[in-house]
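A short write-up of the structure that comes next.
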Amino acid sequence: MPLALITGASAGIGRSFAEALARRDYDLILVARTTERIERLARELADRHAVRAEAWTSDLSSDAGREEVAGRIAALPRLDLLVNNAGFATNGKLAKIPLDPQMEMLRLHMLAPMRLSTAALPRMIEHGAGGIINVSSIAGFLYGPGNVNYSATKAYLTSFSLGLDTEVRGAGIRVQALCPGFTHTEIHDDMPHVKQQIPSWLWMQADDVAEISLRQLAAGGAVICVPGTRNRILRRLLSLMPHALRRRMAVRRKKRERIAQTRNGRR
């Protein structure tokens, strides 16, 4: 059976990837920070799909955690698919929010995918096959007040994927930057004002996002994968929009979010 490793696998898009790959008869290595949740998911998938599922507990935002997982990846005899999914979001203007979560997010979104990719690539190159999916975001094509680092890290991840593809495609390895739009995951549970501001028809289910990603990768599709027709149209419109207009729209959007957040706090 092929083997896939998924980071941030205990919830959201990561969990959806784990379930979709188990249905495709992949053995799994599931990486997350919470031991109980990831071990329970590994047992469930192994029992339900008759695959091998191993749980690794690690904090990939720490140097020690990244190096531990990278070392274990390098020691694997084979790895067919690496899904760099682990991530989280912060909210607030850079000068007013704590520094530590920002630093943690930069390490998790940028250093972890790069380091784990370097650990996985030698074995993939040796076998002349493999895939790497970096879960970026449509936010990487956006910018605005309140989430400058989140958007910047996702822009890095998309650019990193595009560049990496030019290096390894000739070796038989496929790279994808998955750039979903608004997706129902735990990231937004602590930001109800965001859900109030975004129309329901713009939201996607995590299972659908993972399925679209895997199908596009299997078909040898484009490096950038933007699930959903509406999201693809949005990305196209953003690419044509001048900076001054995008800045005004971002400021207005953030103002509406602040008003909604204030109203929620009064309830």
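By convention here, the chains of the structure tokens are called A, B, ... in the order presented, each chain's residues are numbered starting at 1, and ligands are numbered starting at 1 in the order presented.
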* To do: May I have the residues within 12 Å of Ala46 of chain A as a list in words, using only C-alpha atoms and disregarding those fewer than 3 positions away in the same chain?
  => Ala18, Glu19, Leu21, Ala22, Arg23, Asp25, Tyr26, Asp27, Leu28, Ile29, Leu30, Glu39, Arg40, Leu41, Ala42, Arg43, His49, Ala50, Val51, Arg52, Ala53, Glu54 and Ala55 of chain A
For the selection you just gave me, I'd like the residues written to a file as a PDB file, in the first residue's frame, keeping C-alpha atoms.
```
ATOM      1  CA  ALA A  18      -6.755  11.426   6.228  1.00  0.00           C
ATOM      2  CA  GLU A  19     -10.216  10.004   5.611  1.00  0.00           C
ATOM      3  CA  LEU A  21      -6.629   8.800   1.619  1.00  0.00           C
ATOM      4  CA  ALA A  22      -7.739   5.914   3.827  1.00  0.00           C
ATOM      5  CA  ARG A  23     -10.610   5.325   1.397  1.00  0.00           C
ATOM      6  CA  ASP A  25      -6.146   2.417   0.585  1.00  0.00           C
ATOM      7  CA  TYR A  26      -3.235   4.545   1.761  1.00  0.00           C
ATOM      8  CA  ASP A  27      -1.441   3.641   4.946  1.00  0.00           C
ATOM      9  CA  LEU A  28      -1.225   6.758   7.088  1.00  0.00           C
ATOM     10  CA  ILE A  29       1.075   8.651   9.408  1.00  0.00           C
ATOM     11  CA  LEU A  30      -0.978  11.276  11.213  1.00  0.00           C
ATOM     12  CA  GLU A  39      -4.485   8.402  18.334  1.00  0.00           C
ATOM     13  CA  ARG A  40      -8.271   8.043  18.363  1.00  0.00           C
ATOM     14  CA  LEU A  41      -8.474   9.065  14.707  1.00  0.00           C
ATOM     15  CA  ALA A  42      -5.720   6.605  13.771  1.00  0.00           C
ATOM     16  CA  ARG A  43      -7.625   3.766  15.439  1.00  0.00           C
ATOM     17  CA  HIS A  49     -10.693   1.013   6.187  1.00  0.00           C
ATOM     18  CA  ALA A  50      -8.322  -1.851   7.048  1.00  0.00           C
ATOM     19  CA  VAL A  51      -5.228   0.329   6.623  1.00  0.00           C
ATOM     20  CA  ARG A  52      -2.256   0.935   8.881  1.00  0.00           C
ATOM     21  CA  ALA A  53      -2.508   4.267  10.670  1.00  0.00           C
ATOM     22  CA  GLU A  54       0.235   5.553  12.952  1.00  0.00           C
ATOM     23  CA  ALA A  55      -0.075   8.627  15.184  1.00  0.00           C
TER      24      ALA A  55
END
```
* Can you list, as an MDAnalysis selection string, every protein, DNA or RNA residue that comes within 8 Å of Leu157 of chain A when you count only C-alpha atoms, leaving out same-chain residues fewer than 2 positions away? -> chainID A and resid 109:110 134:136 153:155 159:161 177
* Please, which residues of segment 83-157 of chain A, numbered as in this document, come out strand (DSSP E or B) from DSSP, as number ranges by chain? -> A: 83-84, 130-135
* Close residues, Leu76 of chain A itself excluded, 10 Å, only C-alpha atoms, min 6 positions apart in chain, as a PyMOL selection string -> chain A and resi 3+119-120+123
Would you save the residues from that selection as a short mmCIF file (atom, residue, chain, number, x, y, z; two decimals), in the first residue's frame, using C-alpha atoms?
```cif
data_model
loop_
_atom_site.label_atom_id
_atom_site.label_comp_id
_atom_site.auth_asym_id
_atom_site.auth_seq_id
_atom_site.Cartn_x
_atom_site.Cartn_y
_atom_site.Cartn_z
CA LEU A 3 2.02 5.69 2.45
CA ALA A 119 13.30 15.36 4.58
CA ALA A 120 10.85 13.64 2.22
CA ARG A 123 13.51 9.20 -0.86
#
```
* Asked: So how far away is atom CA of Asn84 of chain A from atom CA of Gly8 of chain A, in Å?
  ->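 Rounded to one decimal, the two atoms are 7.8 Å apart.
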* Counting only C-alpha atoms, the residue of A:Glu68, A:Cys225, A:Ile233, A:Thr185 that sits nearest Asp207 of chain A -> A:Thr185
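Rounded to one decimal, atom CA of Arg115 of chain A and atom CA of Val69 of chain A lie 9.3 Å from each other.
With only C-alpha atoms taken into account, the protein and nucleic acid residues at most 9 Å from Phe182 of chain A (excluding it and anything under 2 positions from it in its own chain) are Ser137, Ile138, Pro180, His184, Thr185, Lys195, Ile198, Leu202, Trp203, Met204, Gln205 and Asn231 of chain A.
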* Asked: Got a sec to tell me which of segment 76-147 of chain A DSSP assigns to helix (DSSP H, G or I), as a PyMOL selection string?
  -> chain A and resi 99-127+138-141
Let's have the selection written as a compact mmCIF listing (two decimals), in the first residue's frame, with C-alpha atoms.
```txt
# COMPACT_ATOMS: atom_id res chain seq x y z
CA LEU A 99 4.21 38.60 19.29
CA ASP A 100 4.56 34.94 20.30
CA PRO A 101 1.55 33.62 18.33
CA GLN A 102 2.78 35.49 15.25
CA MET A 103 6.21 33.89 15.51
CA GLU A 104 4.62 30.48 16.09
CA MET A 105 2.46 30.90 12.98
CA LEU A 106 5.42 31.87 10.79
CA ARG A 107 7.39 28.84 11.95
CA LEU A 108 4.44 26.49 11.45
CA HIS A 109 3.29 27.79 8.06
CA MET A 110 6.69 28.30 6.44
CA LEU A 111 9.55 26.53 8.23
CA ALA A 112 7.66 23.29 8.89
CA PRO A 113 6.56 22.60 5.27
CA MET A 114 10.01 23.51 3.96
CA ARG A 115 11.82 21.31 6.48
CA LEU A 116 9.54 18.30 6.08
CA SER A 117 9.75 18.60 2.30
CA THR A 118 13.55 18.50 2.45
CA ALA A 119 13.30 15.36 4.58
CA ALA A 120 10.85 13.64 2.22
CA LEU A 121 12.35 14.57 -1.14
CA PRO A 122 15.51 12.42 -1.20
CA ARG A 123 13.51 9.20 -0.86
CA MET A 124 10.90 10.38 -3.38
CA ILE A 125 13.65 11.28 -5.86
CA GLU A 126 15.26 7.88 -5.28
CA HIS A 127 11.99 6.15 -6.21
CA ILE A 138 -6.76 31.97 -1.17
CA ALA A 139 -5.73 34.46 1.52
CA GLY A 140 -2.26 34.25 -0.02
CA PHE A 141 -3.62 36.32 -2.92
```
* To do: Considering only C-alpha atoms, state which residue in the set A:Gly221, A:Asp63, A:Ala4, A:Phe88 is at the smallest distance from Ser151 of chain A.
  =>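 Among the listed residues, the smallest separation from Ser151 of chain A belongs to A:Phe88.
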* To do: Tell me which protein, DNA and RNA residues are within 10 Å of Ala11 of chain A, counting only C-alpha atoms, leaving out same-chain ones fewer than 5 positions away, and put them as a PyMOL selection string.
  => chain A and resi 16-18+32+37-38+41+86+185-187+206
Requested write-out: C-alpha atoms of the selected residues, as a PDB file, in the first residue's frame:
```pdb
ATOM      1  CA  SER A  16     -10.556  15.184   5.632  1.00  0.00           C
ATOM      2  CA  PHE A  17      -7.314  14.322   3.840  1.00  0.00           C
ATOM      3  CA  ALA A  18      -6.755  11.426   6.228  1.00  0.00           C
ATOM      4  CA  ALA A  32      -0.748  16.540  15.408  1.00  0.00           C
ATOM      5  CA  ARG A  37      -7.316  13.056  19.379  1.00  0.00           C
ATOM      6  CA  ILE A  38      -4.775  11.881  16.832  1.00  0.00           C
ATOM      7  CA  LEU A  41      -8.474   9.065  14.707  1.00  0.00           C
ATOM      8  CA  ALA A  86      -0.837  22.123   9.992  1.00  0.00           C
ATOM      9  CA  THR A 185     -13.077  24.173  10.048  1.00  0.00           C
ATOM     10  CA  GLU A 186     -12.170  24.824  13.663  1.00  0.00           C
ATOM     11  CA  ILE A 187     -10.090  27.868  12.660  1.00  0.00           C
ATOM     12  CA  ALA A 206     -13.451  20.390   4.234  1.00  0.00           C
TER      13      ALA A 206
END
```
* **Nearest to Arg230 of chain A, chosen from A:Gly181, A:Val175, A:Thr34, A:Ser58, with only C-alpha atoms counted in the distances** =>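 Of all the options, A:Gly181 lies closest to Arg230 of chain A.
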